[in-house]
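Let me begin by presenting the structure, written as structure tokens, before commenting on it.
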Amino acid sequence: MLLLTVLELVRRRRLMERYALLWLLSAVVLLALAIWSSALASISHAIGVIYPPNALFFIAIGFILLLLLHFSSAVSRLSDQTETLAQRQALLDERLRLQEEPTDDIQPERGAEAEAEAELEGKPLDLAQRHLD
Amino acid sequence: MSTRALYLAVVPAYNESATIVDVIEALRRDAPEFDTLVVDDGSTDSTDLLAQAAGARVLKLPFNVGIGGAVQTGFVYAREHGYDFLAQVDGDGQHDAEELERLIATMKEDDVDVVCGSRFLTDDHRYPAPISRRTGIHIFAFLLSRIVGTRVSDPTSGFRLYNRRAIELFAFDYPHDYPEVEAVLILYHHHLRMRETPVRMYTRGGGISSISTGKSAYYMVKVLLALFVGLGRRRPVIDLSDV
């Protein structure tokens with residue numbers, strides 16, 4: 001069931017193959033062990049578990065921990081990349097603003113000040129309106 | 001290229017509308033050779049507009065990325081605009097712009113890459129930090145001094161001056177959450193020299209510290225983890241010889 005769901009998600013491109021591999025591996029192994037009970041019995045004997053299904057749960061938990069770790073590392077990488085993007089965006093934003101206000105270079109003091117003040121005055125009104133909405 | 005050195009003061013600010021204007025004006029008055037760049041770390045108040053009105057350049061991050069990411073944006077800006085020196089000054093009025101001169105003097109005298117303002121090397125105790133905070137800082141100071149082999153009295157101080165080499169390094173690799181302590185470690189790994197110099201610090205002029213009491217424990221654990229993991233981590237050593 002799990003196996004089929006994973007395959008279907010990959011087919012619909014809802015799950016990237018990169019992340020699906022671990023899921024597929026765990027599904028296949030667990031399914032194989034569940035069906036091929038003599039193998040499960042010998043494994044549980046080898047690791048000293050008396051009741052074979054417990055060994056199955058143990059292995060399943062192992063896979064789950066592995067998957068969680070995998071996701072944590074993926075999230076870490078993503079937040080790292082997001083941060084870099086945010087920084088680049090801020091740098092580009094500033095460059096764009098300078099380009100759009102070339103008069104600022106000639107009269108930096110007055111122009112910027114007056115404009116920012118106007119924006120400041122506009123802000124509380126905007127907020128008030130949003131509250132009314 | 002002009003022969004005059006270019007100085008940039010980076011002020012990371014998150015919801016500092018109460019103090020940001022004073023900080024910028026103090027920088028203008030007491031450290032006129034510095035261009036001021038405010039990095040607004042996704043503030044929800046009008047920090048960015050106030051800073052702009054006060055005549056500072058403003059980089060507005062689209063959301064809060066944390067102090068490390070904000071400061072690093074300043075490093076990238078300095079690198080791309082060819083600044084020779086970068087000073088980091090907090091947006092809450094803790095740091096005294098007059099002291100920047102002393103940082104510059106120390107950097108030139110001792111020929112180092114980073115100068116860090118330390119609040120513990122001075123007799124002028126205007127910084128009444130709570131005892132818990134001080135204890136934490138001293139623990140870091142002790143561990144860090146052991147690791148890098150020279151005395152570091154105030155590793156959490158965010159009042160620092162960096163030269164071109166350090167700017168290059170940190171534009172490339174700067175820690176995320178509570179960066180100051182780890183940054184010292186990175187400097188050590190890359191064989192950049194750092195000195196401390198005594199400075200006055202004030203209590204915050206307003207706003208709230210990025211390190212609330214609830215977060216202090218997390219801060220301690222995180223930085224300790226970073227310290228010990230950082231020891232074993234092989235950081236990519238970038239080539240700084242031509243800078």
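Convention: chains lettered A, B, ... in structure tokens order; per-chain residue numbering from 1; ligands numbered from 1 as shown.
Residues of chain B lying within 8 Å of chain A, counting only C-alpha atoms, are Ser46, Leu49, Leu50, Gln52, Ala53, Ala54, Gly55, Val58, Leu59, Lys60, Leu61, Pro62, Phe63, Val65, Gly69, Ala70, Thr73 and Tyr77 of chain B.
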Legend entry - CA of Glu16 in chain B to CA of Gly68 in chain B, straight-line distance in Å: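 Atom-to-atom, CA of Gly68 in chain B to CA of Glu16 in chain B, that is 16.7 Å.
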Within 6 Å of range 159-181 of chain B, which residues of range 15-130 of chain B show up? Give each one with its shortest atom-to-atom distance in Å (one decimal) and the two atoms involved, counting only C-alpha atoms, rows by chain then rising residue number, as JSON lines.
```
{"residue": "B:Gly66", "atom": "CA", "partner": "B:Asp177", "partner_atom": "CA", "distance": 5.9}
{"residue": "B:Gly68", "atom": "CA", "partner": "B:His176", "partner_atom": "CA", "distance": 4.4}
{"residue": "B:Gly69", "atom": "CA", "partner": "B:His176", "partner_atom": "CA", "distance": 5.8}
{"residue": "B:Gln72", "atom": "CA", "partner": "B:Ala171", "partner_atom": "CA", "distance": 5.8}
{"residue": "B:Phe75", "atom": "CA", "partner": "B:Ala171", "partner_atom": "CA", "distance": 4.8}
{"residue": "B:Val76", "atom": "CA", "partner": "B:Ala171", "partner_atom": "CA", "distance": 4.7}
{"residue": "B:Asp84", "atom": "CA", "partner": "B:Arg164", "partner_atom": "CA", "distance": 5.1}
{"residue": "B:Phe85", "atom": "CA", "partner": "B:Asn163", "partner_atom": "CA", "distance": 4.6}
{"residue": "B:Leu86", "atom": "CA", "partner": "B:Tyr162", "partner_atom": "CA", "distance": 5.1}
{"residue": "B:Ala87", "atom": "CA", "partner": "B:Leu161", "partner_atom": "CA", "distance": 4.3}
{"residue": "B:Gln88", "atom": "CA", "partner": "B:Arg160", "partner_atom": "CA", "distance": 5.3}
{"residue": "B:Val89", "atom": "CA", "partner": "B:Phe159", "partner_atom": "CA", "distance": 5.4}
{"residue": "B:Asp113", "atom": "CA", "partner": "B:Asn163", "partner_atom": "CA", "distance": 5.3}
{"residue": "B:Val114", "atom": "CA", "partner": "B:Tyr162", "partner_atom": "CA", "distance": 4.6}
{"residue": "B:Val115", "atom": "CA", "partner": "B:Leu161", "partner_atom": "CA", "distance": 5.1}
{"residue": "B:Cys116", "atom": "CA", "partner": "B:Arg160", "partner_atom": "CA", "distance": 4.4}
{"residue": "B:Gly117", "atom": "CA", "partner": "B:Phe159", "partner_atom": "CA", "distance": 5.4}
```
Inset, instruction - Grab the CA of Asn64 in chain B to CA of Ser216 in chain B distance for me, in Å with one decimal place. - result: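 Separation between CA of Asn64 in chain B and CA of Ser216 in chain B: 19.1 Å.
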Inset, instruction - Please give the complete set of residues from range 43-154 of chain B that DSSP, run on the backbone, assigns to strand (DSSP E or B), formatted as a PyMOL selection string. - result: chain B and resi 57-60+85-88+95+114-118
Save out the residues we just selected, N, CA and C atoms, as an mmCIF file, in the first residue's frame.
```
data_model
loop_
_atom_site.group_PDB
_atom_site.id
_atom_site.type_symbol
_atom_site.label_atom_id
_atom_site.label_comp_id
_atom_site.auth_asym_id
_atom_site.auth_seq_id
_atom_site.Cartn_x
_atom_site.Cartn_y
_atom_site.Cartn_z
ATOM 1 N N ARG B 57 22.035 54.500 4.082
ATOM 2 C CA ARG B 57 21.617 53.550 3.065
ATOM 3 C C ARG B 57 20.930 52.397 3.768
ATOM 4 N N VAL B 58 19.913 51.857 3.145
ATOM 5 C CA VAL B 58 19.147 50.813 3.810
ATOM 6 C C VAL B 58 19.040 49.588 2.914
ATOM 7 N N LEU B 59 19.359 48.437 3.477
ATOM 8 C CA LEU B 59 19.053 47.173 2.827
ATOM 9 C C LEU B 59 17.920 46.557 3.619
ATOM 10 N N LYS B 60 16.801 46.297 2.944
ATOM 11 C CA LYS B 60 15.679 45.706 3.677
ATOM 12 C C LYS B 60 15.529 44.241 3.308
ATOM 13 N N PHE B 85 37.234 48.953 4.920
ATOM 14 C CA PHE B 85 36.990 48.616 6.327
ATOM 15 C C PHE B 85 35.496 48.587 6.595
ATOM 16 N N LEU B 86 35.102 47.653 7.439
ATOM 17 C CA LEU B 86 33.701 47.545 7.821
ATOM 18 C C LEU B 86 33.618 47.524 9.331
ATOM 19 N N ALA B 87 32.779 48.404 9.876
ATOM 20 C CA ALA B 87 32.536 48.379 11.312
ATOM 21 C C ALA B 87 31.119 47.910 11.549
ATOM 22 N N GLN B 88 30.964 47.023 12.510
ATOM 23 C CA GLN B 88 29.632 46.570 12.880
ATOM 24 C C GLN B 88 29.213 47.313 14.140
ATOM 25 N N HIS B 95 26.432 50.796 21.446
ATOM 26 C CA HIS B 95 27.818 51.099 21.090
ATOM 27 C C HIS B 95 28.000 52.588 20.860
ATOM 28 N N VAL B 114 40.973 41.998 12.427
ATOM 29 C CA VAL B 114 39.725 42.315 13.121
ATOM 30 C C VAL B 114 40.051 42.929 14.469
ATOM 31 N N VAL B 115 39.344 44.005 14.806
ATOM 32 C CA VAL B 115 39.457 44.562 16.150
ATOM 33 C C VAL B 115 38.087 44.473 16.793
ATOM 34 N N CYS B 116 38.064 43.963 18.013
ATOM 35 C CA CYS B 116 36.804 43.732 18.700
ATOM 36 C C CYS B 116 36.755 44.606 19.942
ATOM 37 N N GLY B 117 35.709 45.377 20.084
ATOM 38 C CA GLY B 117 35.547 46.203 21.272
ATOM 39 C C GLY B 117 35.099 45.358 22.444
ATOM 40 N N SER B 118 35.867 45.418 23.525
ATOM 41 C CA SER B 118 35.525 44.607 24.686
ATOM 42 C C SER B 118 35.063 45.485 25.828
#
```
